[in-house]
>>> print(open('my_file_12.txt').read())   # compact mmCIF, C-alpha atoms and all ligand atoms
# COMPACT_ATOMS: atom_id res chain seq x y z
CA MET A 1 132.55 99.42 101.91
CA ASN A 2 129.37 99.06 103.95
CA THR A 3 127.54 95.93 102.79
CA TYR A 4 124.52 96.57 105.02
CA LEU A 5 124.57 93.00 106.24
CA PRO A 6 123.01 92.36 109.66
CA LYS A 7 125.16 91.65 112.70
CA PRO A 8 124.02 90.12 115.99
CA GLU A 9 124.48 93.48 117.76
CA ASP A 10 121.80 94.95 115.47
CA LYS A 11 119.32 92.69 117.29
CA PHE A 12 117.09 92.11 114.29
CA THR A 13 114.38 89.60 115.08
CA PHE A 14 111.41 88.06 113.26
CA GLY A 15 108.36 86.20 114.50
CA LEU A 16 107.75 82.62 113.43
CA TRP A 17 104.42 83.95 112.14
CA THR A 18 106.12 86.55 109.89
CA VAL A 19 108.49 84.58 107.67
CA GLY A 20 106.17 81.64 108.33
CA SER A 21 103.17 83.38 106.79
CA THR A 22 101.74 81.22 104.02
CA GLY A 23 100.03 84.20 102.42
CA ARG A 24 96.48 83.45 103.52
CA ASP A 25 94.19 86.47 103.42
CA PRO A 26 90.42 86.97 103.80
CA PHE A 27 90.01 86.42 100.05
CA GLY A 28 92.28 83.50 99.38
CA GLY A 29 94.06 80.49 100.78
CA PRO A 30 97.75 79.81 101.28
CA VAL A 31 100.21 80.40 98.41
CA ARG A 32 103.23 78.90 100.19
CA ASP A 33 103.55 75.50 101.85
CA PRO A 34 103.86 75.76 105.63
CA LYS A 35 107.29 75.33 107.18
CA THR A 36 107.97 73.89 110.62
CA PRO A 37 109.31 76.16 113.38
CA ALA A 38 112.73 74.52 113.05
CA GLU A 39 112.78 75.09 109.27
CA LEU A 40 111.92 78.75 109.84
CA VAL A 41 114.82 79.08 112.27
CA TYR A 42 117.21 77.80 109.58
CA LEU A 43 115.70 80.26 107.09
CA LEU A 44 116.24 83.11 109.55
CA GLY A 45 119.78 81.90 110.20
CA GLU A 46 120.46 82.00 106.47
CA VAL A 47 119.37 85.65 106.13
CA GLY A 48 121.37 86.72 109.20
CA ALA A 49 118.68 87.43 111.81
CA TYR A 50 119.66 87.57 115.48
CA GLY A 51 116.52 86.14 117.00
CA VAL A 52 113.14 84.53 116.54
CA ASN A 53 109.98 85.22 118.52
CA PHE A 54 106.80 83.18 118.78
CA HIS A 55 103.22 82.93 119.95
CA ASP A 56 102.63 79.76 121.96
CA ASN A 57 100.71 78.21 119.05
CA ASP A 58 103.26 79.18 116.38
CA LEU A 59 105.52 76.70 118.12
CA ILE A 60 103.08 74.21 119.62
CA PRO A 61 99.72 73.81 117.84
CA ILE A 62 96.80 74.33 120.22
CA ASP A 63 95.75 70.66 119.93
CA ALA A 64 99.24 69.05 119.96
CA THR A 65 99.70 65.85 121.96
CA PRO A 66 102.45 65.75 124.62
CA ALA A 67 104.55 63.57 122.29
CA GLU A 68 104.15 66.03 119.40
CA GLU A 69 105.01 68.91 121.71
CA ALA A 70 108.19 67.21 122.87
CA ALA A 71 109.30 66.48 119.29
CA ILE A 72 108.65 70.06 118.12
CA LYS A 73 110.59 71.48 121.07
CA ARG A 74 113.51 69.15 120.44
CA ASP A 75 113.76 70.11 116.75
CA PHE A 76 113.33 73.81 117.52
CA ARG A 77 116.04 73.73 120.21
CA LYS A 78 118.40 71.94 117.84
CA ALA A 79 117.80 74.56 115.14
CA LEU A 80 118.48 77.36 117.65
CA ASP A 81 121.70 75.68 118.77
CA GLU A 82 122.88 75.11 115.20
CA THR A 83 122.10 78.62 113.97
CA GLY A 84 122.94 80.55 117.15
CA LEU A 85 119.57 82.31 117.03
CA VAL A 86 118.02 83.38 120.35
CA VAL A 87 114.42 83.86 121.50
CA PRO A 88 114.25 87.35 123.02
CA MET A 89 110.44 87.66 123.05
CA ALA A 90 107.39 85.45 123.34
CA THR A 91 103.67 86.07 123.36
CA THR A 92 100.28 84.36 123.56
CA ASN A 93 97.84 83.78 120.76
CA LEU A 94 94.65 85.14 122.35
CA PHE A 95 92.91 85.80 119.05
CA GLY A 96 93.03 82.80 116.67
CA ASP A 97 90.83 80.23 118.37
CA PRO A 98 87.02 80.64 118.16
CA VAL A 99 86.88 80.70 121.96
CA PHE A 100 88.32 84.25 121.75
CA LYS A 101 85.75 85.52 119.26
CA ASP A 102 84.61 88.14 121.78
CA GLY A 103 87.95 88.82 123.42
CA ALA A 104 90.14 87.13 125.99
CA PHE A 105 90.80 89.23 129.10
CA THR A 106 87.83 91.48 128.24
CA SER A 107 85.35 88.73 127.38
CA ASN A 108 82.00 88.95 129.10
CA ASP A 109 82.25 85.22 129.78
CA PRO A 110 84.25 84.42 132.97
CA LYS A 111 85.18 80.99 131.57
CA VAL A 112 86.86 82.67 128.60
CA ARG A 113 88.69 85.05 130.94
CA ALA A 114 89.88 82.10 133.04
CA TYR A 115 91.00 80.23 129.91
CA ALA A 116 92.87 83.33 128.71
CA LEU A 117 94.76 83.49 132.02
CA GLN A 118 95.49 79.76 131.94
CA LYS A 119 96.71 79.90 128.34
CA THR A 120 98.87 82.95 129.04
CA MET A 121 100.53 81.42 132.10
CA ARG A 122 101.34 78.26 130.13
CA ALA A 123 102.63 80.38 127.25
CA ILE A 124 104.79 82.40 129.63
CA ASP A 125 106.30 79.15 130.93
CA LEU A 126 107.02 78.12 127.32
CA GLY A 127 108.60 81.47 126.44
CA VAL A 128 110.81 81.38 129.53
CA GLU A 129 111.85 77.80 128.71
CA PHE A 130 113.38 79.16 125.49
CA GLY A 131 114.99 82.19 127.13
CA ALA A 132 112.49 84.99 126.42
CA LYS A 133 113.07 88.16 128.44
CA ILE A 134 110.24 90.25 126.97
CA TYR A 135 106.64 89.10 126.99
CA VAL A 136 104.28 90.85 124.57
CA PHE A 137 100.56 91.36 125.03
CA TRP A 138 98.57 92.18 121.91
CA GLY A 139 94.84 92.13 122.49
CA GLY A 140 93.67 91.57 118.93
CA ARG A 141 90.17 90.53 119.97
CA GLU A 142 89.85 92.86 122.96
CA GLY A 143 87.25 95.11 121.45
CA THR A 144 83.82 95.33 119.90
CA GLU A 145 81.82 95.63 116.73
CA THR A 146 78.83 96.87 118.68
CA ASP A 147 79.25 98.91 121.83
CA SER A 148 75.90 97.57 123.01
CA SER A 149 77.77 94.39 123.89
CA LYS A 150 80.36 95.34 126.46
CA SER A 151 81.14 98.02 128.97
CA ALA A 152 84.24 99.94 127.90
CA VAL A 153 85.03 100.70 131.56
CA ASP A 154 84.61 97.06 132.64
CA SER A 155 86.90 96.09 129.78
CA ILE A 156 89.63 98.38 131.09
CA LYS A 157 89.14 97.03 134.62
CA ARG A 158 89.25 93.41 133.38
CA THR A 159 92.43 94.05 131.40
CA ARG A 160 94.00 95.67 134.46
CA GLU A 161 93.00 92.77 136.69
CA ALA A 162 94.48 90.24 134.24
CA LEU A 163 97.75 92.11 133.88
CA ASN A 164 98.08 92.63 137.64
CA PHE A 165 97.52 88.88 138.10
CA LEU A 166 100.14 88.00 135.49
CA CYS A 167 102.68 90.46 136.92
CA GLU A 168 102.30 88.63 140.24
CA TYR A 169 102.73 85.30 138.42
CA ASN A 170 105.96 86.61 136.90
CA LEU A 171 107.17 87.66 140.37
CA ASP A 172 106.01 84.46 142.04
CA LYS A 173 107.90 82.32 139.54
CA GLY A 174 110.97 84.60 139.60
CA TYR A 175 110.95 84.85 135.80
CA GLY A 176 112.09 88.48 135.65
CA LEU A 177 110.13 89.11 132.46
CA LYS A 178 109.29 92.58 131.22
CA PHE A 179 105.80 92.91 129.77
CA ALA A 180 105.30 94.98 126.61
CA LEU A 181 101.76 96.04 125.64
CA GLU A 182 101.02 96.45 121.94
CA ALA A 183 98.23 98.77 120.81
CA LYS A 184 96.26 98.55 117.57
CA PRO A 185 93.20 100.62 116.70
CA ASN A 186 91.21 97.96 114.81
CA GLU A 187 91.50 94.68 112.89
CA PRO A 188 90.52 92.02 113.58
CA ARG A 189 87.90 93.72 115.80
CA GLY A 190 85.90 96.66 114.56
CA ASP A 191 87.47 98.70 117.37
CA ILE A 192 90.10 97.57 119.85
CA TYR A 193 90.44 99.01 123.35
CA ASN A 194 93.61 100.91 124.31
CA SER A 195 93.96 101.73 120.64
CA THR A 196 97.27 103.61 120.51
CA THR A 197 100.63 103.59 122.25
CA GLY A 198 99.55 106.76 124.05
CA HIS A 199 96.45 105.01 125.43
CA MET A 200 98.68 102.16 126.62
CA LEU A 201 101.06 104.52 128.39
CA GLY A 202 98.15 106.06 130.29
CA PHE A 203 96.83 102.63 131.19
CA ILE A 204 100.20 101.27 132.41
CA ALA A 205 100.40 103.99 135.06
CA THR A 206 97.26 102.48 136.68
CA LEU A 207 98.76 98.98 137.16
CA ASP A 208 100.03 97.51 140.42
CA HIS A 209 103.52 97.02 138.95
CA PRO A 210 103.97 99.77 136.37
CA GLU A 211 107.75 99.31 136.46
CA MET A 212 107.37 95.82 135.00
CA VAL A 213 105.23 96.94 132.08
CA GLY A 214 106.11 98.96 128.98
CA VAL A 215 105.01 99.11 125.35
CA ASN A 216 105.63 97.41 122.03
CA PRO A 217 104.65 100.05 119.46
CA GLU A 218 104.14 98.95 115.85
CA VAL A 219 104.62 101.18 112.81
CA ALA A 220 101.56 99.86 110.97
CA HIS A 221 99.24 100.22 113.94
CA GLU A 222 99.91 103.93 114.41
CA HIS A 223 99.92 104.56 110.64
CA MET A 224 96.51 102.86 110.39
CA ALA A 225 95.28 105.51 112.82
CA GLY A 226 96.94 108.25 110.76
CA LEU A 227 99.42 109.03 113.53
CA ASN A 228 103.11 109.93 113.51
CA PHE A 229 104.75 106.71 114.72
CA MET A 230 108.03 108.26 115.75
CA HIS A 231 106.24 110.71 118.03
CA GLY A 232 104.56 107.83 119.86
CA VAL A 233 107.87 105.98 120.12
CA ALA A 234 109.54 109.11 121.47
CA GLN A 235 106.87 109.47 124.14
CA ALA A 236 107.34 105.84 125.17
CA TRP A 237 111.11 106.24 125.22
CA GLU A 238 110.98 109.42 127.29
CA ALA A 239 108.75 107.62 129.81
CA GLY A 240 111.27 104.74 130.04
CA LYS A 241 108.70 102.40 128.48
CA LEU A 242 110.11 101.43 125.08
CA PHE A 243 110.65 97.74 125.89
CA HIS A 244 110.27 96.39 122.34
CA ILE A 245 109.34 97.60 118.86
CA ASP A 246 107.47 96.07 115.89
CA LEU A 247 108.80 97.36 112.57
CA ASN A 248 106.90 97.13 109.29
CA ASP A 249 105.08 99.60 107.06
CA GLN A 250 101.53 100.55 106.19
CA TYR A 251 99.52 102.95 104.06
CA PRO A 252 97.03 104.87 106.24
CA GLY A 253 93.36 104.07 105.72
CA ARG A 254 93.88 100.57 104.36
CA TYR A 255 93.64 97.01 105.63
CA ASP A 256 96.42 95.72 107.89
CA GLN A 257 99.23 95.42 105.35
CA ASP A 258 102.35 94.43 107.35
CA LEU A 259 104.62 95.65 104.57
CA ARG A 260 108.40 95.30 104.46
CA PHE A 261 110.01 97.91 106.72
CA GLY A 262 110.49 101.27 105.00
CA SER A 263 108.75 100.17 101.80
CA ARG A 264 105.87 102.67 102.06
CA ASP A 265 106.96 105.78 103.94
CA LEU A 266 110.72 106.01 103.63
CA LYS A 267 110.87 109.42 105.25
CA ALA A 268 108.91 108.28 108.33
CA ALA A 269 111.18 105.23 108.51
CA PHE A 270 114.23 107.50 108.35
CA TYR A 271 113.05 109.67 111.26
CA LEU A 272 112.26 106.54 113.24
CA VAL A 273 115.66 104.93 112.65
CA LYS A 274 117.36 108.23 113.39
CA PHE A 275 115.43 108.50 116.64
CA LEU A 276 116.26 104.95 117.75
CA GLU A 277 119.93 105.37 116.89
CA ASP A 278 120.26 108.86 118.39
CA VAL A 279 118.81 107.81 121.76
CA GLY A 280 120.68 104.48 121.78
CA TYR A 281 117.67 102.15 121.92
CA SER A 282 119.21 98.76 122.62
CA GLY A 283 116.23 96.38 122.58
CA SER A 284 115.18 94.02 119.81
CA LYS A 285 114.20 95.46 116.45
CA HIS A 286 111.47 93.05 115.58
CA TYR A 287 110.03 92.83 112.09
CA ASP A 288 106.32 92.12 112.40
CA ALA A 289 105.67 91.99 108.68
CA HIS A 290 105.37 89.45 105.93
CA ALA A 291 106.28 88.96 102.30
CA TYR A 292 103.86 89.83 99.51
CA ARG A 293 101.45 87.07 98.60
CA THR A 294 103.16 86.92 95.21
CA GLU A 295 106.31 85.39 96.68
CA ASP A 296 107.77 81.93 97.12
CA TYR A 297 110.28 81.27 99.93
CA GLU A 298 113.09 82.91 97.95
CA GLY A 299 110.88 86.00 97.98
CA VAL A 300 110.37 85.58 101.72
CA LYS A 301 114.15 85.73 102.14
CA ASP A 302 114.28 88.81 99.89
CA PHE A 303 111.62 90.35 102.14
CA ALA A 304 113.51 89.55 105.36
CA ARG A 305 116.86 90.71 104.01
CA GLY A 306 115.20 93.88 102.71
CA CYS A 307 113.76 94.77 106.12
CA MET A 308 117.21 94.65 107.71
CA ARG A 309 119.07 96.24 104.81
CA THR A 310 116.73 99.24 104.74
CA TYR A 311 117.21 99.75 108.48
CA LEU A 312 120.99 99.68 108.11
CA MET A 313 120.98 102.04 105.12
CA LEU A 314 118.77 104.48 107.03
CA LYS A 315 121.09 104.18 110.02
CA GLU A 316 123.93 105.32 107.78
CA LYS A 317 121.77 108.18 106.51
CA ALA A 318 121.07 109.21 110.10
CA ALA A 319 124.81 109.38 110.83
CA GLN A 320 125.26 111.40 107.63
CA PHE A 321 122.49 113.79 108.73
CA ASN A 322 124.20 114.27 112.09
CA ALA A 323 127.53 115.03 110.38
CA ASP A 324 126.25 117.25 107.56
CA PRO A 325 127.67 120.77 108.14
CA GLU A 326 124.88 122.61 106.35
CA ILE A 327 122.11 120.71 108.13
CA GLN A 328 123.84 121.08 111.47
CA ALA A 329 124.36 124.81 110.94
CA ILE A 330 120.62 125.30 110.41
CA LEU A 331 119.85 123.15 113.45
CA ALA A 332 122.29 125.13 115.58
CA GLU A 333 120.68 128.36 114.46
CA ILE A 334 117.10 127.31 115.08
CA ASN A 335 117.94 125.75 118.43
CA ALA A 336 119.97 128.71 119.73
CA GLU A 337 119.16 129.56 123.34
CA ASP A 338 118.95 133.05 124.81
CA PRO A 339 121.11 133.15 127.97
CA ALA A 340 119.07 136.05 129.36
CA LEU A 341 115.89 133.95 129.18
CA ALA A 342 117.42 130.63 130.24
CA ALA A 343 117.44 131.70 133.88
CA LEU A 344 113.70 132.31 133.78
CA PHE A 345 112.63 128.84 132.60
CA GLY A 346 112.35 125.69 134.67
CA ARG A 347 110.96 125.37 138.15
CA TYR A 348 108.41 127.93 139.19
CA SER A 349 109.18 130.75 141.60
CA PRO A 350 107.11 133.90 142.28
CA GLU A 351 110.14 135.99 141.25
CA LYS A 352 110.39 134.19 137.90
CA ALA A 353 106.68 134.62 137.34
CA ASP A 354 107.00 138.37 137.96
CA ALA A 355 110.08 138.59 135.70
CA ILE A 356 108.35 136.72 132.85
CA LYS A 357 105.24 138.88 133.17
CA ALA A 358 107.41 142.00 132.96
CA LEU A 359 109.37 140.94 129.84
CA ASP A 360 109.20 143.20 126.84
CA LEU A 361 108.44 140.61 124.10
CA ASP A 362 107.69 142.05 120.67
CA ARG A 363 105.49 139.29 119.24
CA ILE A 364 105.26 140.93 115.81
CA ALA A 365 109.03 141.14 115.42
CA ILE A 366 109.49 137.61 116.78
CA ALA A 367 106.93 136.18 114.34
CA LYS A 368 108.65 137.79 111.34
CA ARG A 369 111.62 135.45 111.52
CA GLY A 370 111.69 132.73 108.84
CA LEU A 371 112.71 129.35 110.18
CA LYS A 372 114.37 127.74 107.12
CA TYR A 373 112.44 124.50 107.54
CA GLU A 374 111.82 124.30 103.79
CA ARG A 375 115.57 124.36 103.22
CA LEU A 376 116.13 121.88 106.03
CA ASP A 377 113.55 119.46 104.72
CA GLN A 378 114.89 119.64 101.17
CA LEU A 379 118.40 118.96 102.46
CA THR A 380 116.94 115.89 104.19
CA ILE A 381 115.31 114.77 100.93
CA ASP A 382 118.55 115.36 99.01
CA LEU A 383 120.41 113.33 101.61
CA LEU A 384 117.89 110.46 101.45
CA LEU A 385 118.08 110.43 97.66
CA GLY A 386 121.85 110.21 97.78
CA MET A 387 122.53 113.72 96.51
CA ARG A 388 124.73 114.77 99.45
CA SER A 389 127.82 112.66 99.85
C1 LIG B 1 98.92 92.10 114.33
C2 LIG B 1 99.87 92.22 115.50
C3 LIG B 1 100.46 90.92 115.91
C4 LIG B 1 101.23 91.00 117.21
C5 LIG B 1 101.62 89.65 117.66
C6 LIG B 1 102.56 89.65 118.81
O1 LIG B 1 98.62 93.14 113.75
O2 LIG B 1 98.48 91.01 114.02
O3 LIG B 1 100.86 93.14 115.16
O4 LIG B 1 101.29 90.44 114.88
O5 LIG B 1 102.36 91.80 117.09
O6 LIG B 1 100.47 88.95 117.98
O7 LIG B 1 101.97 90.13 119.92
MN MN B 2 100.31 94.31 113.34
MN MN B 3 102.78 93.49 116.03
>>> encode(input="my_file_12.txt", output="C-alpha cells", more="lines below")
Ligand code: GCO
Ligand code: MN
Ligand code: MN
Amino acid sequence: MNTYLPKPEDKFTFGLWTVGSTGRDPFGGPVRDPKTPAELVYLLGEVGAYGVNFHDNDLIPIDATPAEEAAIKRDFRKALDETGLVVPMATTNLFGDPVFKDGAFTSNDPKVRAYALQKTMRAIDLGVEFGAKIYVFWGGREGTETDSSKSAVDSIKRTREALNFLCEYNLDKGYGLKFALEAKPNEPRGDIYNSTTGHMLGFIATLDHPEMVGVNPEVAHEHMAGLNFMHGVAQAWEAGKLFHIDLNDQYPGRYDQDLRFGSRDLKAAFYLVKFLEDVGYSGSKHYDAHAYRTEDYEGVKDFARGCMRTYLMLKEKAAQFNADPEIQAILAEINAEDPALAALFGRYSPEKADAIKALDLDRIAIAKRGLKYERLDQLTIDLLLGMRS
C-alpha cells in the first residue's frame, strides 16, 4: 500500500523561514517561539524532508559577531550531518533590513546598490560553503508605491547590471551555481518589477550569461496575479529555464497567504504535479509556505507533512489519469492527426504556402464537431474525488 511518505528522490525541500515562521503578520506578533536553524533541521529530518534552504540571515543574523557566526555554522553543520539533510538552494535577504526600503539592486541610492552586491556576494559564499547548487533571486523590494520615484527602465538596467556582475562573480570563483529568478507581482512593494515568470523569461534573454540563469516560479505569486501557474511553469520548462520551483497555495486577490501546497486549488495543483511528473522535472520541489497562525510546532509538522503527502497523492492521481482507458481514448481522439495535412505543417516553403492556400477547408463543418471536454473534465473530477479506481 502506498503510504505517501516522502523519499529523498522526491527532493522535497523547505526554507528555514518556512517551518521557522513564528506566525508574525502585519496585525500581530509571534505565536510560536523561534527555533534555531539547527533545531529546524531536526524538525525537517523528523518529517522526512530531503533538504533545507536559507536566506543568509535565516542562518546568520545580520548583526551576528564572528564568534556567534562560527557557533551557528557548527551547530547547523552537525544537524545536517546527523539528519542527512542537504542544502540545495540558498538566497539573499534583500528585503528585511530598513536599508532596502526602496529596493536593493534597483535602489536610486548607489550606496544601497553597492551594499546589495556586497551582501549578495557574501551570501553566495555562505550558500556554497553549505553545498548550494541553485542560487535564488527574489526582489521583494525591487519596485515602487509611486512611479514618480524611479525610472522603470533604469530599474531594469540596474537589475541587469547587478545580475551580469554576479554571474561573473560565480564564474570567477568557479562556483558553478545556477541562478533562479523569482517573480512576484506585489507585496511587500505596491508593485514589483519583472512581475511574472513570463516577464523574467523575457528579461533573462537580455543578460550576458543567459545560460546560467533560469526561473524559480511560485504558485502563490502567479495566483495572486490571477494567472494559470502551470502554464507559466510549462513555458519555463520548454525554454529550458525551470531551475527550481516554489510550491504553496493562494486564493487570487488576497494578501500573500503562503498556504499549504494544494490546500486551496486542488485541481490546479493536480495539473501542476501532472506536468512536473510527465516531463520528468528533476529539481528540488521547494515548499515556500508556512503553517496557519493557529498552530504550535506539532501543527507545523502537520503542515510540512501535508505539503509532501498532497504532492505524492496527486502524483499517483497523475499516473492514474495517464492509465485511465476512457480518459486516454478521449485524448487520443481529440489529438488525432491528419496524415494528409501533416506534410504541410512545419518549416515554411513556397510550395507549402501554395498548398495550404489551395486547401478546401469547410469551416462550418469543422466547427460543428463537439470536443467532449465536458466529459473529459468530469472524468478528471471523478478521478480526483476517488470515484475511478
Ligand atoms: C515571498 C517569497 C520569498 C522568496 C524567498 C527566497 O513571497 O516572500 O516567495 O519567500 O521565495 O525570499 O527567494
Ligand atoms: Mn512567496
Ligand atoms: Mn518564494
>>> closest_atom_pairs(input="my_file_12.txt", of="range 199-318 of chain A", to="range 15-28 of chain A", cutoff="9 Å", atoms="all atoms listed in the file", output="JSON lines")
{"residue": "A:His286", "atom": "CA", "partner": "A:Gly15", "partner_atom": "CA", "distance": 7.6}
{"residue": "A:Tyr287", "atom": "CA", "partner": "A:Gly15", "partner_atom": "CA", "distance": 7.2}
{"residue": "A:Asp288", "atom": "CA", "partner": "A:Thr18", "partner_atom": "CA", "distance": 6.1}
{"residue": "A:Ala289", "atom": "CA", "partner": "A:Thr18", "partner_atom": "CA", "distance": 5.6}
{"residue": "A:His290", "atom": "CA", "partner": "A:Thr18", "partner_atom": "CA", "distance": 5.0}
{"residue": "A:Ala291", "atom": "CA", "partner": "A:Val19", "partner_atom": "CA", "distance": 7.3}
{"residue": "A:Tyr292", "atom": "CA", "partner": "A:Gly23", "partner_atom": "CA", "distance": 7.4}
{"residue": "A:Arg293", "atom": "CA", "partner": "A:Gly23", "partner_atom": "CA", "distance": 5.0}
{"residue": "A:Thr294", "atom": "CA", "partner": "A:Gly23", "partner_atom": "CA", "distance": 8.3}
{"residue": "A:Glu295", "atom": "CA", "partner": "A:Gly23", "partner_atom": "CA", "distance": 8.6}
{"residue": "A:Tyr297", "atom": "CA", "partner": "A:Val19", "partner_atom": "CA", "distance": 8.6}
{"residue": "A:Val300", "atom": "CA", "partner": "A:Val19", "partner_atom": "CA", "distance": 6.3}
{"residue": "A:Lys301", "atom": "CA", "partner": "A:Val19", "partner_atom": "CA", "distance": 8.0}
{"residue": "A:Phe303", "atom": "CA", "partner": "A:Val19", "partner_atom": "CA", "distance": 8.6}
{"residue": "A:Ala304", "atom": "CA", "partner": "A:Val19", "partner_atom": "CA", "distance": 7.4}
>>> closest_residue(input="my_file_12.txt", among="A:Glu129, A:Asp154, A:Glu222, A:Asp377", to="Val86 in chain A", atoms="all atoms listed in the file")
A:Glu129
>>> closest_atom_pairs(input="my_file_12.txt", of="chain A", to="ligand LIG 1 (chain B)", cutoff="6 Å", atoms="all atoms listed in the file", output="tab-separated table")
residue	atom	partner	partner_atom	distance
A:Thr91	CA	B:LIG1	O7	5.6
A:Val136	CA	B:LIG1	O7	5.2
A:Phe137	CA	B:LIG1	O7	5.4
A:Trp138	CA	B:LIG1	O7	4.4
A:Asp288	CA	B:LIG1	O4	5.9
>>> atom_distance(input="my_file_12.txt", atom1="CA of Pro188 in chain A", atom2="CA of Gly96 in chain A")
10.0 Å
>>> closest_residue(input="my_file_12.txt", among="A:Tyr271, A:Ala236, A:Asn216, A:Gly280", to="ligand MN 2 (chain B)", atoms="only C-alpha atoms and all ligand atoms")
A:Asn216
>>> residues_near_ligand(input="my_file_12.txt", ligand="ligand MN 2 (chain B)", cutoff="7 Å", atoms="only C-alpha atoms and all ligand atoms", output="MDAnalysis selection string")
chainID A and resid 218 220:221 256 258 288
>>> residues_around(input="my_file_12.txt", residues="Ala162 in chain A", least_positions_apart="5", cutoff="12 Å", atoms="only C-alpha atoms", output="compact mmCIF listing (two decimals) with C-alpha atoms, in the coordinates of the input")
# COMPACT_ATOMS: atom_id res chain seq x y z
CA ALA A 104 90.14 87.13 125.99
CA PHE A 105 90.80 89.23 129.10
CA THR A 106 87.83 91.48 128.24
CA SER A 107 85.35 88.73 127.38
CA PRO A 110 84.25 84.42 132.97
CA ARG A 113 88.69 85.05 130.94
CA ALA A 114 89.88 82.10 133.04
CA TYR A 115 91.00 80.23 129.91
CA ALA A 116 92.87 83.33 128.71
CA LEU A 117 94.76 83.49 132.02
CA GLN A 118 95.49 79.76 131.94
CA THR A 120 98.87 82.95 129.04
CA MET A 121 100.53 81.42 132.10
CA PHE A 137 100.56 91.36 125.03
CA GLY A 139 94.84 92.13 122.49
CA SER A 155 86.90 96.09 129.78
CA ILE A 156 89.63 98.38 131.09
CA LYS A 157 89.14 97.03 134.62
CA CYS A 167 102.68 90.46 136.92
CA GLU A 168 102.30 88.63 140.24
CA TYR A 169 102.73 85.30 138.42
CA LEU A 207 98.76 98.98 137.16
CA ASP A 208 100.03 97.51 140.42
>>> atom_distance(input="my_file_12.txt", atom1="CA of Arg141 in chain A", atom2="CA of Thr92 in chain A")
12.4 Å
>>> atom_distance(input="my_file_12.txt", atom1="CA of Arg305 in chain A", atom2="CA of Arg77 in chain A")
23.5 Å
>>> closest_residue(input="my_file_12.txt", among="A:Ile192, A:Met212, A:Ala123, A:Val52", to="Leu171 in chain A", atoms="only C-alpha atoms")
A:Met212
>>> closest_residue(input="my_file_12.txt", among="A:Arg388, A:His244, A:Thr159, A:Ala152", to="ligand MN 3 (chain B)", atoms="all atoms listed in the file")
A:His244
>>> residues_around(input="my_file_12.txt", residues="range 340-343 of chain A", least_positions_apart="6", cutoff="12 Å", atoms="all atoms listed in the file", output="mmCIF file with C-alpha atoms, in the coordinates of the input")
data_model
loop_
_atom_site.group_PDB
_atom_site.id
_atom_site.type_symbol
_atom_site.label_atom_id
_atom_site.label_comp_id
_atom_site.auth_asym_id
_atom_site.auth_seq_id
_atom_site.Cartn_x
_atom_site.Cartn_y
_atom_site.Cartn_z
ATOM 1 C CA SER A 349 109.180 130.750 141.600
ATOM 2 C CA GLU A 351 110.140 135.990 141.250
ATOM 3 C CA LYS A 352 110.390 134.190 137.900
ATOM 4 C CA ALA A 353 106.680 134.620 137.340
ATOM 5 C CA ALA A 355 110.080 138.590 135.700
ATOM 6 C CA ILE A 356 108.350 136.720 132.850
ATOM 7 C CA LEU A 359 109.370 140.940 129.840
ATOM 8 C CA ASP A 360 109.200 143.200 126.840
ATOM 9 C CA LEU A 361 108.440 140.610 124.100
#
>>> closest_residue(input="my_file_12.txt", among="A:Leu259, A:Ile60, A:Ala38, A:Leu177", to="ligand MN 3 (chain B)", atoms="all atoms listed in the file")
A:Leu259
>>> closest_residue(input="my_file_12.txt", among="A:Arg32, A:Lys267, A:Arg122, A:His55", to="ligand MN 3 (chain B)", atoms="only C-alpha atoms and all ligand atoms")
A:His55
>>> axis_aligned_box(input="my_file_12.txt", around="range 260-265 of chain A", padding_each_side="6 Å", output="AutoDock Vina command-line options")
--center_x 108.2 --center_y 100.5 --center_z 104.3 --size_x 16.6 --size_y 22.5 --size_z 16.9
>>> residues_around(input="my_file_12.txt", residues="Val233 in chain A", least_positions_apart="5", cutoff="12 Å", atoms="only C-alpha atoms", output="PyMOL selection string")
chain A and resi 182+196-198+200-201+214-219+222+227-228+238-247+271-276+279+281
